[in-house]
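Undergrad: Below are the structure tokens for one structure; questions will follow.
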Amino acid sequence: GVLPPALASTSSLRTLWASDNKISGSVPSGMTSLTSLVHLEASGNRLGGKLPVPTPANKLFTILDLANNQMTGPLPATLASVPNLAILSVGANRLTGSLTDFATALGTGNGIAVFNVSANSLSGSVPTGLALLDLFAKGTSPWRLNYLDLGSNQLYGEFPTWVFSALKMLSDEELRVLRVNIGPQSNHTLLACPPAQPGRRVDPLMVRLEF
């Protein structure tokens with residue numbers, strides 16, 4: 001089946017949970033205009049089309065989980081400006097393009113604690129702007145797990161050493177709830193090791209990364 005277009009006119013809709021079904025078609029375009037919507041979770045379906053972007057007027061929207069679908073196009077830069085977005089999980093789709101525009105649009109104070117774009121066809125380098133993701137910010141996160149997953153794409157260039165710099169700023173308590181996955185599968189053959197620095201030892205924080 002498909003998601004009923006009537007959902008777009010349900011002004012009081014706060015949560016749509018439709019994961020792990022056989023839903024095809026696309027997310028009704030009008031749903032992005034709902035100002036009451038907090039959670040949109042429809043992973044594990046056959047949804048296609050472009051990723052939906054909630055209206056800037058929605059100050060409540062927190063979770064966008066459309067992983068394991070057939071979504072196409074680039075990662076919209078406008079998602080970086082959704083005021084209270086905390087979980088952005090769109091892995092295992094058919095997304096293309098680079099992460100540059102999204103990273104450039106990120107501002108300090110964004111609330112994104114889970115960023116999963118793995119298993120797509122994203123290309124280009126890993127932009128430094130991703131260091132502004134809230135999952136790297138100091139302070140106690142309200143989420144049990146902070147997660148960055150860029151694996152299984154077509155990213156290339158030098159491995160992003162800014163990840164290590166960001167991790168060094170965090171406390172042991174903050175590191176315990178952080179997982180970073182950049183290299184597995186296709187990425188690891190395209191990302192080059194950073195240049196060696198004489199006298200530099202292996203930082204113990206590296207063991208917390210998943211490659």
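Going through the structure tokens in order, the chains are called A, B, and so on, while each chain numbers its residues from 1 and the ligands are numbered from 1 in the order shown.
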Give me, as a PyMOL selection string, all polymer residues having an atom no more than 9 Å from A:Ala103, counting only C-alpha atoms and skipping those fewer than 6 positions away in the same chain.

TA: chain A and resi 77+80+127-133

Undergrad: DSSP on the backbone: what in stretch 79-173 of chain A comes out strand (DSSP E or B), as a ChimeraX atom specification?

TA: /A:87-89,94-97,114-116,121-124,146-149,154-155,157-158

Undergrad: What is the atom CA of A:Ser121-atom CA of A:Pro83 distance in Å, reported with one decimal?

TA: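 The value is 26.9 Å.
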
Undergrad: So, with only C-alpha atoms as the atoms that count, which of A:Ala166, A:Thr108, A:Gly157, A:Ser118 lies closest to A:Phe136?

TA: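 Among the listed residues, the smallest separation from A:Phe136 belongs to A:Ala166.
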
Undergrad: Which of stretch 3-203 of chain A end up as alpha helix (DSSP H) when DSSP is run on this backbone - answer as a PyMOL selection string?

TA: chain A and resi 100-105+162-168+172-175

Undergrad: Which residues, written as a compact mmCIF listing (two decimals) with N, CA and C atoms, in the first residue's frame, have at least one atom at most 7 Å from A:Val82, with only C-alpha atoms counted and residues fewer than 3 positions away on the same chain left out?

TA:
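Result file follows (selection.txt):
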# COMPACT_ATOMS: atom_id res chain seq x y z
N PRO A 56 10.13 25.14 8.14
CA PRO A 56 10.86 25.84 9.21
C PRO A 56 9.96 26.29 10.35
N LEU A 79 17.71 20.33 5.53
CA LEU A 79 17.52 19.52 6.73
C LEU A 79 18.44 19.97 7.86
N LEU A 85 15.77 19.13 15.07
CA LEU A 85 16.05 17.80 14.56
C LEU A 85 17.17 17.15 15.37

Undergrad: At a cut-off of 8 Å, can you tabulate as a tab-separated table every residue of stretch 40-144 of chain A near stretch 12-27 of chain A together with its closest atom pair and the distance in Å to one decimal, using only C-alpha atoms and ordering rows by chain then number?

TA:
residue	atom	partner	partner_atom	distance
A:Leu40	CA	A:Leu16	CA	5.1
A:Glu41	CA	A:Trp17	CA	4.8
A:Ala42	CA	A:Ser19	CA	4.2
A:Ser43	CA	A:Ser19	CA	4.7
A:Gly44	CA	A:Asp20	CA	4.4
A:Asn45	CA	A:Lys22	CA	5.1
A:Arg46	CA	A:Ser24	CA	4.6
A:Leu47	CA	A:Ser24	CA	4.6
A:Gly48	CA	A:Ser26	CA	5.2
A:Gly49	CA	A:Ser26	CA	5.7
A:Pro52	CA	A:Val27	CA	7.1

Undergrad: Take the residues from that selection and write them out as a PDB file, in the first residue's frame, keeping C-alpha atoms.

TA:
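Output contents, as saved in part-v3.pdb:
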ATOM      1  CA  LEU A  40       8.301  10.639  11.122  1.00  0.00           C
ATOM      2  CA  GLU A  41       9.486   7.042  11.255  1.00  0.00           C
ATOM      3  CA  ALA A  42       8.885   4.826   8.232  1.00  0.00           C
ATOM      4  CA  SER A  43      12.064   2.788   7.871  1.00  0.00           C
ATOM      5  CA  GLY A  44      12.143  -0.637   6.258  1.00  0.00           C
ATOM      6  CA  ASN A  45       9.668   0.037   3.464  1.00  0.00           C
ATOM      7  CA  ARG A  46       9.790   0.737  -0.280  1.00  0.00           C
ATOM      8  CA  LEU A  47       9.296   4.478  -0.183  1.00  0.00           C
ATOM      9  CA  GLY A  48      10.874   6.492  -2.988  1.00  0.00           C
ATOM     10  CA  GLY A  49      11.160  10.076  -4.117  1.00  0.00           C
ATOM     11  CA  PRO A  52      10.951  15.287   2.915  1.00  0.00           C
TER      12      PRO A  52
END

Undergrad: Quick one: residues within 6 Å of A:Val90, only C-alpha atoms, excluding same-chain residues fewer than 5 positions away - as a ChimeraX atom specification?

TA: /A:66-67,116-117

Undergrad: Keeping N, CA, C and O atoms, export the residues of the selection given above as an mmCIF file, in the first residue's frame.

TA:
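Here's the written file part_35.cif:
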data_model
loop_
_atom_site.group_PDB
_atom_site.id
_atom_site.type_symbol
_atom_site.label_atom_id
_atom_site.label_comp_id
_atom_site.auth_asym_id
_atom_site.auth_seq_id
_atom_site.Cartn_x
_atom_site.Cartn_y
_atom_site.Cartn_z
ATOM 1 N N LEU A 66 13.955 7.379 7.814
ATOM 2 C CA LEU A 66 13.494 6.769 6.573
ATOM 3 C C LEU A 66 14.555 5.792 6.049
ATOM 4 O O LEU A 66 14.690 5.591 4.841
ATOM 5 N N ALA A 67 15.290 5.197 6.963
ATOM 6 C CA ALA A 67 16.333 4.249 6.572
ATOM 7 C C ALA A 67 15.721 3.023 5.904
ATOM 8 O O ALA A 67 14.554 2.686 6.138
ATOM 9 N N ASN A 116 22.868 9.238 10.354
ATOM 10 C CA ASN A 116 23.120 7.990 9.634
ATOM 11 C C ASN A 116 22.781 8.154 8.165
ATOM 12 O O ASN A 116 21.620 8.272 7.794
ATOM 13 N N VAL A 117 23.823 8.172 7.326
ATOM 14 C CA VAL A 117 23.617 8.241 5.879
ATOM 15 C C VAL A 117 24.350 7.084 5.203
ATOM 16 O O VAL A 117 24.719 7.159 4.028
#

Undergrad: What does the distance from atom CA of A:Ser81 to atom CA of A:Pro5 come to in Å, to one decimal?

TA: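 Separation of atom CA of A:Ser81 and atom CA of A:Pro5: 25.7 Å.
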
Undergrad: Find the residue from A:Asn153, A:Ala137, A:Ile112, A:Pro76 that sits nearest to A:Gly124; use only C-alpha atoms when measuring.

TA: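 Smallest distance to A:Gly124 is found for A:Asn153.
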
Undergrad: Quick one: distance from atom CA of A:Gln70 to atom CA of A:Val2 in Å, one decimal?

TA: 13.7 Å

Undergrad: Give me, as a list of chain:residue names, all polymer residues having an atom no more than 6 Å from A:Gly111, counting only C-alpha atoms and skipping those fewer than 4 positions away in the same chain.

TA: A:Asn84, A:Leu85, A:Ala86, A:Asp134

Undergrad: Keeping only C-alpha atoms, write the selected residues to a file as an mmCIF file, in the first residue's frame.

TA:
data_model
loop_
_atom_site.group_PDB
_atom_site.id
_atom_site.type_symbol
_atom_site.label_atom_id
_atom_site.label_comp_id
_atom_site.auth_asym_id
_atom_site.auth_seq_id
_atom_site.Cartn_x
_atom_site.Cartn_y
_atom_site.Cartn_z
ATOM 1 C CA ASN A 84 15.108 20.728 16.779
ATOM 2 C CA LEU A 85 16.047 17.797 14.565
ATOM 3 C CA ALA A 86 17.900 15.275 16.752
ATOM 4 C CA ASP A 134 25.681 18.139 18.012
#

Undergrad: Check the smallest atom-to-atom distance from each of A:Asn69, A:Ser36, A:Thr96, A:Asn146 to A:Val180 using only C-alpha atoms, then report the winner.

TA: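 Closest residue, counting only C-alpha atoms: A:Asn146.
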
Undergrad: So which one's closest to A:Leu95, A:Thr78, A:Ser152, A:Ser125, A:Thr55? Using only C-alpha atoms, please.

TA: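 Using only C-alpha atoms, A:Leu95 sits closest to A:Ser152.
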
Undergrad: For each of A:Ser123, A:Gly73, A:Ala6, A:Phe115, take the minimum atom-to-atom distance to A:Leu135, counting only C-alpha atoms, then give the residue where this is smallest.

TA: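 Counting only C-alpha atoms, the residue closest to A:Leu135 is A:Phe115.
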